[in-house]
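Following: one structure in structure tokens, then a few remarks.
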Amino acid sequence: MTTTEELAPRAPAPQPPDRPNAMARAVGWLTTTDHKKIGILYLVNSFTFFALGGALALLIRTQLAEPENDVLSPQVYNETFTMHGTIMIFLVILPLLSGFGNYIVPLQIGALDMAFPRVNALSFWLLPVGGLTIVSGYLTSGGAAAAGWTNYVPLALQEGTGEDLWVLGLIIVGVSSLLGAINFIVTVLRLRAPGMSMVRVPIFTWATLSTSVLVVLAIPALTATLLIVFADRHLGTVFLDPDHGGSVFNYLNTFWFFGHPEVYMLIMGSWGIVSEILPVFSGKPLFGYRGVIAALMLVLALSFTVWGHHLYTTGMVDDGLFSITTELISVPTGVLFFNWLFTLWRGKLRFEPAMLFALGMVALFLVGGIDGVWMASPAMDYAIHDTYFVVSHIHYVLFGGSLMGIMAAMYYWFPKMTGRFLGRRLGQVQFWLTFIGFNVTFFPMHNLGLDGMPRRVATYPADAGWTTLNQIATAGSYLIAIGMLVGFANLIISLRKPRTAPNDPWEGNTLEWATSSPPPPHNFDALPEIRSERPVRDQRLEAAAQPEGQPA
Amino acid sequence: MTTLDPDTVPRPAAANLDRQAARGASSALLAMILFVASEGVFFAAFLGIYASAFTDAEVWPPPEVPLASLGLPSAALAALVLSAITLAVPVRQARRGRYTAATTTWLATTIVFAAAFVALLMYGYADLGFGIGQGVYESLFYVINALAVAHGVGGIFLMALVLLRLRGAAPTAQREPVLVAGVYWYFVVAVGVIIYVLLYLAAS
Amino acid sequence: MRAGRGWRIAACLACAAPVMLASGCVKSGISAKAEETNGLFWTIMLLALPVFVLVEGLLVTAIIRFRKRAGDDSPPPQTPGGKGAMTAFFAAPLAIVIVMLYFGETVLADVDRVSNNADLHLVVTGFQWQWSANYVDQGFTVTGKTDKSRMVMEVPVNAVVQVDLRSTDVMHEFYVPDLLFMKNAIPGHPNVFSFKPTKLGTYHGQCAQFCGLSHATMQFDMKVVSAADFQAWVEQQSQPQPADTTSCPAPATAVTLVAEHISWDQTCIAVVANQPFAITIDNRDVGIAHNFAIYTASDLKNRLYLSGDNEGPAVDTFTAPALPAGTYYFQCNIHGPAMAGTLVVS
Ligand code: HEA
Ligand code: HEA
Ligand code: CUA
Ligand SMILES: [Cu+2]
């Protein structure tokens, strides 16, 4: 126990061999198998794609700011929202969560590394390869893929080379996720430190574990649909051709069997992050730790039973049945919310930026979740399916939920990863710009949807009455962009500051706070004893109880 | 201490990591089980398409499909079943941590049967009498069979790798590779049997 | 301090949200089914709004009341949460969900019910990127021209309209916001639905399923008119449209038709009688298929020829059989009346 303390004060030792080694360091990053470096690579890669996806979003909003606008031609508009959705879903959110998972999960369970460090490196490197393959569609004469992120057939069969690159790229990204997920599961099941029983495993690790189970069981369905599309396009098969006994249903059904678990892959990590941050900044344990785990497992199981809610209007599925399973999924999700609220209740809340983002996540994801309940009712969905109501839902859950959680994680774990704090002031500015800009952008979309504006339209008529709300949304999106730029500036500024972060800057609970910031290559010099799900807090209290112990 | 470069410091090897681990299946075995689960969903997607085409059709397989003779496919199935039986020996030995010279022989025999399975399946391809694009049944037939062949080849490759490793290795190092390859090959066997029933038996 | 004021702003914003939703943006509906859906919207609102207010309310209260005050270092109570709390957390949402499902399934059954004694039968076909509506009993078809004109369809008020929904190429979606209803048009999978409009007016309709390049302009108008007006409109539509043969070139044995932006470059072509003729389709629509079909008349009852599909961009030549002299109707079977014209054989 005392040995960990010796690490605490980081002498700002001179680092002479730093500069001349730039080349070696670059090679080091390219060939690393250290889960921490790979985690950081994941984050850098995904934030780069995020900037691209966000830039495309601004193009969308600019085009829609005026009715009958022609900033983008219809073809370019279609490519833009397709790439925006694809990038955000496949190349931003899941990889960001994998990045944090890579860095944090081995630390949280007291492991030396992931179970298969070299496979881990491979899963990372497949990601930029797949991502660039998808984006390279822009270089072909027909342009990038333009069939939406859901890539519905038969439309997708009409597309040009960009579509093939999209398919190929996604297969590569899928393999990357699959390898990563297997690695996570094995790591969590096998490499936990002595004393770390499954009911002491931190919730973020639990969330990563269940996300990985979703990946293992759902990604192959995506691979199968991609293969089917490819085969129908180039090998002459007729899976999707109704004239030869095929059916569009073969695509829709298999795609959404993957597609719905996919959206829970994108949120569970953020649930985990929030379940880590709220307790720490309230000074309380997570309320109903076991209830949260039970809720996660229920969502995991239910998520494989609801895919038909994307197909209500096709007349190909039993709407009533899927409505039941879909609405039931609100129940375990509700349990999470109540547990979070009771964690805050009677706590001593500290509003560090990480906490702001986590609270913002709770506030915004709730809206998205409740939107979901409207769409889950088939008769209601007949009125709002494929309208901006759905676009609003998408962003409340994916931006308000997943991305807000990821921002919280960024502020929370940045000191651990770099030994430096992200600026508090700029963090608050970023939060408020994002929070306000977000609502200004996406709330009016509910009203647009209810008023009948379909999604994925390159433009809309001037007499439809949709202009004002669209203009508000566009204004809001620029506000978000400023917020994100502030966040980026914060990052750059912080990276130039000296390393001042102690081992445990937030009075954390979990093992990553028991080692230095950043941790040594082997992660821990010594592990505290693990007797509860809050080992670092136990250690801190013990140290405080011993009068002659070293200062914590 | 503060200036340690993670990539110049010797890092724990995977084997050491594993020693830290709890009881139960080894990491590699667990990983293979997960991989096979994932592969199972992959094949299930195609079986789902089979099921929906089957329920939509009045006559199954579609009347225009010439009935395939069961000869070659049955031979392929026999080879596959034999491979499963011969593989049982090394797997059982590996489970018990015992290693005899016969282990490699049995594994080699398995590879021979596996190769026979793949060869027979591919040979049957040559004169099918229908094209890939005539109907969903035909498309499924080609694609599922092609996937099975690909997985069979993958399995042979894996077992061959294990065989190479076995030569001259200490008995304790035998356990894992054999079990891992075993899980994979039994998956291929299961796929092979399902294919036989759905694509060949159903069509005769 | 600062953050505190911020949170109060947030609280105001959070309160503004439901007010905005309540500002009446869900359509009131122009049929009994639509009104029921409108009611369902408010039922869900009634159940969901309290949840929203409760959760955001507790959140904001916690933020205001339980902030860490300067100098207060006493540890907060370490409540772990027990079985009782978890049971309540599961039970409360479950109860709400059950109520919601009850209303949802009831309305669903009503909305999905297809009336089997319809007053008007329509076959509505979606194609890239327009609609056509075939008035089955009246024997005529209305359609729109991609990027030029929308389809205008009329239905009589208080009559039960049954729609057979088809697609000839990719997935589309028939959506009239004021009906609070949409349904996919899917190749190979016809869908049926019915509605009974009760309010006169012209209503905006639009394809809601993304279907490629001109998805945004795949719009139409649905006019709900009085029975008398409808009758008049039907009569006007049923007038045999005098075939416009003035623009027809001289008869030939080989014809070339250019297909671009889902229309032919000619509305009248002429060929020599009793002699097979070559028909060349120069399809310039990338990724889109066209074909060439000949009928005795635009009622499509008697088909004389159908060419294979031409996947654009491509130039294909087909041979059509010899025809006796007369006036015929031709169209692309994928795009129907939007790509149609007169064939003069002489
Ligand atoms: C992070 C991703 C994410 C998450 C978590 C969710 C969560 C949910 N989603 Fe969403 N969804 C998407 C991402 C996500 N979704 C995306 C990307 C699409 C569009 C795909 C496309 O492009 O077409 C989509 C589309 C989509 C549709 C199809 C809409 C359409 O196309 O017409 C439906 C329909 O049922 C739906 C429902 C739900 C429901 C019921 C939940 C539930 O899990 C929400 C549960 C949460 C709550 C309800 C709030 C908290 C609960 C309580 C406080 C308890 C008490 C509350 C009640 C009892 C009401 N979603
Ligand atoms: C996580 C997912 C995610 C996120 C974060 C966003 C973010 C945004 N989205 Fe997107 N969106 C989707 C997922 C997401 N979206 C999906 C899945 C679809 C459906 C696609 C389909 O239909 O196929 C969609 C569709 C969609 C549409 C509908 C298009 C249509 O149907 O026609 C619109 C329209 O306004 C839109 C807007 C925006 C805007 C303005 C943002 C903004 O919030 C973006 C703000 C971000 C930036 C402006 C980036 C700024 C960054 C920098 C300046 C650099 C910072 C760098 C570092 C931090 C390193 N999105
Ligand atoms: Cu047709 Cu969109
Ligand atoms: Cu879903």
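FYI, nothing fancy with the structure tokens labels: chains A, B, ... in order, residues from 1 per chain, ligands from 1 as they appear.
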Kindly provide the residues of chain C that approach ligand 3 to within 9 Å, each paired with its closest atom pair and their distance in Å to one decimal, based on only C-alpha atoms and all ligand atoms, listed by chain and increasing number, as a tab-separated table.
residue	atom	partner	partner_atom_place_in_ligand_line	distance
C:Gly126	CA	ligand 3	1 (Cu)	6.4
C:Phe127	CA	ligand 3	1 (Cu)	6.5
C:Gln128	CA	ligand 3	1 (Cu)	6.0
C:Trp129	CA	ligand 3	1 (Cu)	5.6
C:Gln130	CA	ligand 3	1 (Cu)	6.9
C:Trp131	CA	ligand 3	1 (Cu)	8.3
C:Val170	CA	ligand 3	1 (Cu)	7.7
C:Met171	CA	ligand 3	1 (Cu)	6.7
C:His172	CA	ligand 3	1 (Cu)	4.1
C:Glu173	CA	ligand 3	1 (Cu)	6.2
C:Phe174	CA	ligand 3	1 (Cu)	8.2
C:Ala185	CA	ligand 3	1 (Cu)	8.6
C:Gln206	CA	ligand 3	2 (Cu)	7.8
C:Cys207	CA	ligand 3	2 (Cu)	4.4
C:Ala208	CA	ligand 3	2 (Cu)	5.3
C:Gln209	CA	ligand 3	2 (Cu)	4.4
C:Phe210	CA	ligand 3	2 (Cu)	4.2
C:Cys211	CA	ligand 3	2 (Cu)	4.0
C:Gly212	CA	ligand 3	2 (Cu)	6.7
C:Leu213	CA	ligand 3	2 (Cu)	8.8
C:Ser214	CA	ligand 3	2 (Cu)	7.5
C:His215	CA	ligand 3	2 (Cu)	4.0
C:Ala216	CA	ligand 3	2 (Cu)	6.7
C:Thr217	CA	ligand 3	2 (Cu)	8.3
C:Met218	CA	ligand 3	1 (Cu)	5.8
C:Gln219	CA	ligand 3	1 (Cu)	8.7
With only C-alpha atoms considered, list every residue of chain C at most 6 Å from chain A, as an MDAnalysis selection string.
chainID C and resid 25:26 37 62 66:68 76 78 80:81 89 93:94 104 108 170 177 180:184 188 208 213 216 287
Which one is closest to ligand 4: A:Ala65, A:Met407, A:Ile394, A:Met417? Count only C-alpha atoms and all ligand atoms.
A:Ile394
Which residue out of B:Tyr184, B:Tyr125, B:Phe157, B:Tyr137 has the minimum interatomic distance to chain A when only C-alpha atoms are used?
B:Tyr137
What are the residues of chain A that have an atom within 7 Å of an atom of chain B, counting only C-alpha atoms, as a list in words?
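Interface list for chain A against chain B: Gln15, Gly28, Thr32, Leu112, Ala115, Phe116, Ile182, Val186, Arg190, Leu191, Arg192, Val216, Leu217, Pro220, Ala221, Ala224, Gly236, Thr237, Val238, Phe239, His244, Gly245, Gly246, Asn250, Thr254, Pro521 and His522 of chain A.
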Give the answer as one residue: which of A:Pro106, A:Gly259, A:Pro505, A:Gly308 has the shortest atom-to-atom distance to Pro415 (chain A), using only C-alpha atoms?
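Smallest separation from Pro415 (chain A) among the options: A:Pro505.
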Residues contacting ligand 4 - anything with an atom at most 7 Å away, using only C-alpha atoms and all ligand atoms - can you give me those as a PDB file with all heavy atoms, in the first residue's frame?
ATOM      1  N   GLY A 259     -28.502  -3.530 -36.549  1.00  0.00           N
ATOM      2  CA  GLY A 259     -28.593  -2.085 -36.358  1.00  0.00           C
ATOM      3  C   GLY A 259     -29.082  -1.663 -34.999  1.00  0.00           C
ATOM      4  O   GLY A 259     -28.595  -0.686 -34.439  1.00  0.00           O
ATOM      5  N   HIS A 260     -30.039  -2.388 -34.444  1.00  0.00           N
ATOM      6  CA  HIS A 260     -30.456  -1.923 -33.139  1.00  0.00           C
ATOM      7  C   HIS A 260     -29.450  -2.221 -32.040  1.00  0.00           C
ATOM      8  O   HIS A 260     -29.104  -1.317 -31.285  1.00  0.00           O
ATOM      9  CB  HIS A 260     -31.867  -2.347 -32.750  1.00  0.00           C
ATOM     10  CG  HIS A 260     -32.243  -1.603 -31.522  1.00  0.00           C
ATOM     11  ND1 HIS A 260     -32.845  -0.376 -31.546  1.00  0.00           N
ATOM     12  CD2 HIS A 260     -31.944  -1.836 -30.239  1.00  0.00           C
ATOM     13  CE1 HIS A 260     -32.921   0.099 -30.329  1.00  0.00           C
ATOM     14  NE2 HIS A 260     -32.388  -0.770 -29.508  1.00  0.00           N
ATOM     15  N   VAL A 263     -26.926   0.506 -31.831  1.00  0.00           N
ATOM     16  CA  VAL A 263     -27.112   1.780 -31.148  1.00  0.00           C
ATOM     17  C   VAL A 263     -26.870   1.624 -29.650  1.00  0.00           C
ATOM     18  O   VAL A 263     -26.456   2.572 -28.995  1.00  0.00           O
ATOM     19  CB  VAL A 263     -28.484   2.439 -31.438  1.00  0.00           C
ATOM     20  CG1 VAL A 263     -28.705   2.575 -32.914  1.00  0.00           C
ATOM     21  CG2 VAL A 263     -29.608   1.745 -30.730  1.00  0.00           C
ATOM     22  N   VAL A 306     -35.676  -6.119 -30.551  1.00  0.00           N
ATOM     23  CA  VAL A 306     -36.499  -4.956 -30.866  1.00  0.00           C
ATOM     24  C   VAL A 306     -36.326  -4.427 -32.285  1.00  0.00           C
ATOM     25  O   VAL A 306     -36.929  -3.423 -32.635  1.00  0.00           O
ATOM     26  CB  VAL A 306     -36.205  -3.797 -29.888  1.00  0.00           C
ATOM     27  CG1 VAL A 306     -36.391  -4.251 -28.467  1.00  0.00           C
ATOM     28  CG2 VAL A 306     -34.804  -3.260 -30.074  1.00  0.00           C
ATOM     29  N   TRP A 307     -35.484  -5.100 -33.092  1.00  0.00           N
ATOM     30  CA  TRP A 307     -35.059  -4.451 -34.339  1.00  0.00           C
ATOM     31  C   TRP A 307     -36.218  -4.052 -35.257  1.00  0.00           C
ATOM     32  O   TRP A 307     -36.110  -3.122 -36.034  1.00  0.00           O
ATOM     33  CB  TRP A 307     -34.051  -5.333 -35.060  1.00  0.00           C
ATOM     34  CG  TRP A 307     -34.637  -6.515 -35.767  1.00  0.00           C
ATOM     35  CD1 TRP A 307     -35.032  -6.568 -37.058  1.00  0.00           C
ATOM     36  CD2 TRP A 307     -34.874  -7.829 -35.237  1.00  0.00           C
ATOM     37  NE1 TRP A 307     -35.504  -7.820 -37.369  1.00  0.00           N
ATOM     38  CE2 TRP A 307     -35.420  -8.615 -36.273  1.00  0.00           C
ATOM     39  CE3 TRP A 307     -34.687  -8.431 -33.993  1.00  0.00           C
ATOM     40  CZ2 TRP A 307     -35.781  -9.950 -36.099  1.00  0.00           C
ATOM     41  CZ3 TRP A 307     -35.045  -9.756 -33.823  1.00  0.00           C
ATOM     42  CH2 TRP A 307     -35.583 -10.498 -34.867  1.00  0.00           C
ATOM     43  N   HIS A 309     -38.649  -2.330 -34.834  1.00  0.00           N
ATOM     44  CA  HIS A 309     -39.233  -0.996 -34.715  1.00  0.00           C
ATOM     45  C   HIS A 309     -38.688  -0.030 -35.769  1.00  0.00           C
ATOM     46  O   HIS A 309     -39.193   1.074 -35.895  1.00  0.00           O
ATOM     47  CB  HIS A 309     -39.090  -0.425 -33.295  1.00  0.00           C
ATOM     48  CG  HIS A 309     -37.690  -0.159 -32.849  1.00  0.00           C
ATOM     49  ND1 HIS A 309     -37.258  -0.446 -31.584  1.00  0.00           N
ATOM     50  CD2 HIS A 309     -36.623   0.382 -33.474  1.00  0.00           C
ATOM     51  CE1 HIS A 309     -35.999  -0.094 -31.464  1.00  0.00           C
ATOM     52  NE2 HIS A 309     -35.591   0.414 -32.590  1.00  0.00           N
ATOM     53  N   HIS A 310     -37.687  -0.449 -36.499  1.00  0.00           N
ATOM     54  CA  HIS A 310     -37.239   0.383 -37.612  1.00  0.00           C
ATOM     55  C   HIS A 310     -38.027   0.074 -38.889  1.00  0.00           C
ATOM     56  O   HIS A 310     -37.832   0.715 -39.909  1.00  0.00           O
ATOM     57  CB  HIS A 310     -35.749   0.171 -37.878  1.00  0.00           C
ATOM     58  CG  HIS A 310     -34.891   0.615 -36.726  1.00  0.00           C
ATOM     59  ND1 HIS A 310     -34.452   1.898 -36.592  1.00  0.00           N
ATOM     60  CD2 HIS A 310     -34.441  -0.047 -35.641  1.00  0.00           C
ATOM     61  CE1 HIS A 310     -33.744   2.011 -35.477  1.00  0.00           C
ATOM     62  NE2 HIS A 310     -33.720   0.840 -34.880  1.00  0.00           N
TER      63      HIS A 310
END
Please give the complete set of residues from region 27-178 of chain C that DSSP, run on the backbone, assigns to strand (DSSP E or B), formatted as a PyMOL selection string.
chain C and resi 31+67+120-127+130-135+140-143+145+149+151-156+161-167+172-176
For C-alpha atoms, I'd like the residues from the last selection saved as a PDB file, in the first residue's frame.
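After the write, selection_5.pdb holds the following:
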ATOM      1  CA  SER C  31     -59.419  11.448 -41.068  1.00  0.00           C
ATOM      2  CA  ARG C  67     -23.635  21.412  -4.316  1.00  0.00           C
ATOM      3  CA  LEU C 120     -62.510   4.153 -54.282  1.00  0.00           C
ATOM      4  CA  HIS C 121     -59.686   1.847 -55.327  1.00  0.00           C
ATOM      5  CA  LEU C 122     -56.312   3.293 -56.149  1.00  0.00           C
ATOM      6  CA  VAL C 123     -53.115   1.651 -57.246  1.00  0.00           C
ATOM      7  CA  VAL C 124     -50.407   4.092 -56.262  1.00  0.00           C
ATOM      8  CA  THR C 125     -46.973   3.422 -57.697  1.00  0.00           C
ATOM      9  CA  GLY C 126     -43.758   5.052 -56.579  1.00  0.00           C
ATOM     10  CA  PHE C 127     -40.853   5.194 -58.964  1.00  0.00           C
ATOM     11  CA  GLN C 130     -42.498  10.515 -58.978  1.00  0.00           C
ATOM     12  CA  TRP C 131     -45.782   8.954 -58.181  1.00  0.00           C
ATOM     13  CA  SER C 132     -48.625   7.686 -60.272  1.00  0.00           C
ATOM     14  CA  ALA C 133     -52.122   6.851 -59.086  1.00  0.00           C
ATOM     15  CA  ASN C 134     -54.262   4.520 -61.107  1.00  0.00           C
ATOM     16  CA  TYR C 135     -57.999   4.973 -60.520  1.00  0.00           C
ATOM     17  CA  PHE C 140     -57.347   6.458 -65.754  1.00  0.00           C
ATOM     18  CA  THR C 141     -53.999   7.311 -64.217  1.00  0.00           C
ATOM     19  CA  VAL C 142     -52.601  10.561 -62.927  1.00  0.00           C
ATOM     20  CA  THR C 143     -48.884  11.057 -62.594  1.00  0.00           C
ATOM     21  CA  LYS C 145     -43.010  14.330 -64.142  1.00  0.00           C
ATOM     22  CA  SER C 149     -44.557  18.631 -62.167  1.00  0.00           C
ATOM     23  CA  MET C 151     -48.767  14.291 -59.238  1.00  0.00           C
ATOM     24  CA  VAL C 152     -52.099  15.781 -58.253  1.00  0.00           C
ATOM     25  CA  MET C 153     -54.595  13.210 -57.036  1.00  0.00           C
ATOM     26  CA  GLU C 154     -58.133  13.883 -55.909  1.00  0.00           C
ATOM     27  CA  VAL C 155     -60.251  11.895 -53.507  1.00  0.00           C
ATOM     28  CA  PRO C 156     -63.848  12.494 -52.516  1.00  0.00           C
ATOM     29  CA  VAL C 161     -60.217   5.092 -50.135  1.00  0.00           C
ATOM     30  CA  GLN C 162     -58.221   1.904 -50.461  1.00  0.00           C
ATOM     31  CA  VAL C 163     -54.681   2.199 -51.718  1.00  0.00           C
ATOM     32  CA  ASP C 164     -52.580  -0.575 -53.204  1.00  0.00           C
ATOM     33  CA  LEU C 165     -49.039   0.635 -52.878  1.00  0.00           C
ATOM     34  CA  ARG C 166     -46.366  -0.555 -55.303  1.00  0.00           C
ATOM     35  CA  SER C 167     -42.884   0.323 -56.346  1.00  0.00           C
ATOM     36  CA  HIS C 172     -40.344   4.743 -51.550  1.00  0.00           C
ATOM     37  CA  GLU C 173     -42.803   5.904 -48.951  1.00  0.00           C
ATOM     38  CA  PHE C 174     -46.247   7.396 -49.421  1.00  0.00           C
ATOM     39  CA  TYR C 175     -46.558  10.115 -46.813  1.00  0.00           C
ATOM     40  CA  VAL C 176     -49.296  12.669 -46.285  1.00  0.00           C
TER      41      VAL C 176
END
Just list the residues in region 404-507 of chain A DSSP gives alpha helix (DSSP H) on the backbone, as a ChimeraX atom specification.
/A:404-418,424-450,467-495
All residues 12 Å or closer to Thr105 (chain B), only C-alpha atoms, same chain fewer than 3 positions away omitted, as a PDB file with C-alpha atoms, in the first residue's frame:
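Result file follows (around17.pdb):
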ATOM      1  CA  THR B  86     -10.185 -38.563 -35.454  1.00  0.00           C
ATOM      2  CA  LEU B  87      -9.905 -35.084 -33.964  1.00  0.00           C
ATOM      3  CA  VAL B  89      -8.425 -38.184 -29.809  1.00  0.00           C
ATOM      4  CA  PRO B  90      -5.911 -35.321 -29.737  1.00  0.00           C
ATOM      5  CA  TYR B  99       0.796 -36.217 -24.915  1.00  0.00           C
ATOM      6  CA  THR B 100       1.813 -39.231 -26.905  1.00  0.00           C
ATOM      7  CA  ALA B 101       3.423 -39.635 -30.268  1.00  0.00           C
ATOM      8  CA  ALA B 102       0.017 -40.667 -31.575  1.00  0.00           C
ATOM      9  CA  ALA B 108      -2.492 -35.360 -39.331  1.00  0.00           C
ATOM     10  CA  THR B 109      -5.255 -37.853 -40.139  1.00  0.00           C
ATOM     11  CA  THR B 110      -7.823 -35.228 -39.296  1.00  0.00           C
ATOM     12  CA  ILE B 111      -6.188 -32.837 -41.700  1.00  0.00           C
ATOM     13  CA  VAL B 112      -6.315 -35.456 -44.443  1.00  0.00           C
ATOM     14  CA  ALA B 160      -1.477 -27.525 -39.956  1.00  0.00           C
ATOM     15  CA  LEU B 163       0.842 -29.656 -36.149  1.00  0.00           C
ATOM     16  CA  LEU B 166       3.544 -29.724 -31.836  1.00  0.00           C
ATOM     17  CA  ARG B 167       6.754 -31.145 -33.216  1.00  0.00           C
TER      18      ARG B 167
END
Rank nothing, just name the residue among A:Pro279, A:Gly131, A:Pro117, A:Gly54 nearest to ligand 2, using only C-alpha atoms and all ligand atoms.
A:Gly54
Could you list, as a VMD selection string, every residue within 8 Å of region 395-402 of chain A, counting only C-alpha atoms and ignoring same-chain residues fewer than 3 positions away?
chain A and resid 93 266 to 267 269 to 270 360 to 362 364 to 365 367 to 369 391 to 392 405 to 406 438 442
Write out, as a CSV table (one decimal), in the first residue's frame, the residues just selected, with N, CA, C and O atoms.
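Now in out18.csv:
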chain,number,residue,atom,x,y,z
A,93,ILE,N,-18.1,7.4,-32.6
A,93,ILE,CA,-18.5,7.0,-31.3
A,93,ILE,C,-18.0,5.7,-30.8
A,93,ILE,O,-17.3,5.6,-29.7
A,266,LEU,N,-23.4,2.0,-28.9
A,266,LEU,CA,-22.9,3.4,-28.9
A,266,LEU,C,-23.3,4.1,-27.6
A,266,LEU,O,-22.8,5.2,-27.4
A,267,ILE,N,-24.2,3.5,-26.8
A,267,ILE,CA,-24.6,4.3,-25.6
A,267,ILE,C,-24.0,3.6,-24.3
A,267,ILE,O,-23.8,4.3,-23.3
A,269,GLY,N,-21.2,2.5,-23.3
A,269,GLY,CA,-20.0,3.0,-22.8
A,269,GLY,C,-20.2,4.3,-22.1
A,269,GLY,O,-19.7,4.6,-21.0
A,270,SER,N,-21.1,5.2,-22.6
A,270,SER,CA,-21.4,6.4,-22.0
A,270,SER,C,-22.1,6.3,-20.7
A,270,SER,O,-21.9,7.0,-19.7
A,360,GLY,N,-25.0,16.9,-18.0
A,360,GLY,CA,-25.6,17.3,-19.3
A,360,GLY,C,-26.1,16.1,-20.0
A,360,GLY,O,-27.2,16.0,-20.6
A,361,MET,N,-25.3,15.0,-20.0
A,361,MET,CA,-25.6,13.7,-20.6
A,361,MET,C,-27.0,13.2,-20.0
A,361,MET,O,-27.9,12.8,-20.8
A,362,VAL,N,-27.1,13.2,-18.7
A,362,VAL,CA,-28.3,12.7,-18.1
A,362,VAL,C,-29.5,13.6,-18.6
A,362,VAL,O,-30.6,13.0,-19.0
A,364,LEU,N,-29.9,15.4,-21.3
A,364,LEU,CA,-30.2,15.3,-22.7
A,364,LEU,C,-30.6,13.9,-23.2
A,364,LEU,O,-31.5,13.8,-24.0
A,365,PHE,N,-29.9,12.9,-22.7
A,365,PHE,CA,-30.3,11.6,-23.1
A,365,PHE,C,-31.7,11.2,-22.7
A,365,PHE,O,-32.4,10.5,-23.4
A,367,VAL,N,-34.2,13.2,-22.9
A,367,VAL,CA,-35.1,13.7,-24.0
A,367,VAL,C,-35.1,12.7,-25.1
A,367,VAL,O,-36.2,12.3,-25.6
A,368,GLY,N,-33.9,12.3,-25.5
A,368,GLY,CA,-33.8,11.3,-26.6
A,368,GLY,C,-34.6,10.0,-26.3
A,368,GLY,O,-35.2,9.4,-27.2
A,369,GLY,N,-34.4,9.5,-25.1
A,369,GLY,CA,-35.1,8.3,-24.7
A,369,GLY,C,-36.6,8.4,-24.8
A,369,GLY,O,-37.3,7.5,-25.3
A,391,VAL,N,-34.6,12.4,-36.7
A,391,VAL,CA,-33.2,13.0,-36.7
A,391,VAL,C,-33.0,13.6,-35.3
A,391,VAL,O,-31.9,13.5,-34.8
A,392,SER,N,-34.0,14.2,-34.8
A,392,SER,CA,-33.9,14.8,-33.4
A,392,SER,C,-33.6,13.7,-32.4
A,392,SER,O,-32.6,13.8,-31.6
A,405,GLY,N,-21.2,12.0,-23.0
A,405,GLY,CA,-20.5,11.1,-22.0
A,405,GLY,C,-19.1,11.1,-22.4
A,405,GLY,O,-18.2,11.1,-21.5
A,406,ILE,N,-18.8,11.0,-23.7
A,406,ILE,CA,-17.4,10.9,-24.1
A,406,ILE,C,-16.6,12.2,-23.7
A,406,ILE,O,-15.5,12.2,-23.3
A,438,PHE,N,-26.6,22.8,-28.7
A,438,PHE,CA,-27.2,21.5,-29.0
A,438,PHE,C,-28.7,21.6,-29.0
A,438,PHE,O,-29.4,21.2,-29.9
A,442,PHE,N,-31.2,21.0,-32.2
A,442,PHE,CA,-31.9,19.7,-32.3
A,442,PHE,C,-33.3,19.7,-31.8
A,442,PHE,O,-34.2,18.9,-32.1
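Among the candidates A:Met265, A:Leu227, A:Val201, A:Ala489, the residue lying nearest to Leu147 (chain B) is A:Leu227 (atoms considered: only C-alpha atoms).
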Any idea what's packed within 8 Å of Arg537 (chain A), counting only C-alpha atoms, ignoring anything in its chain fewer than 3 positions away? Could you give it as an NGL selection string?
:A and (507-510 or 534 or 540-541)
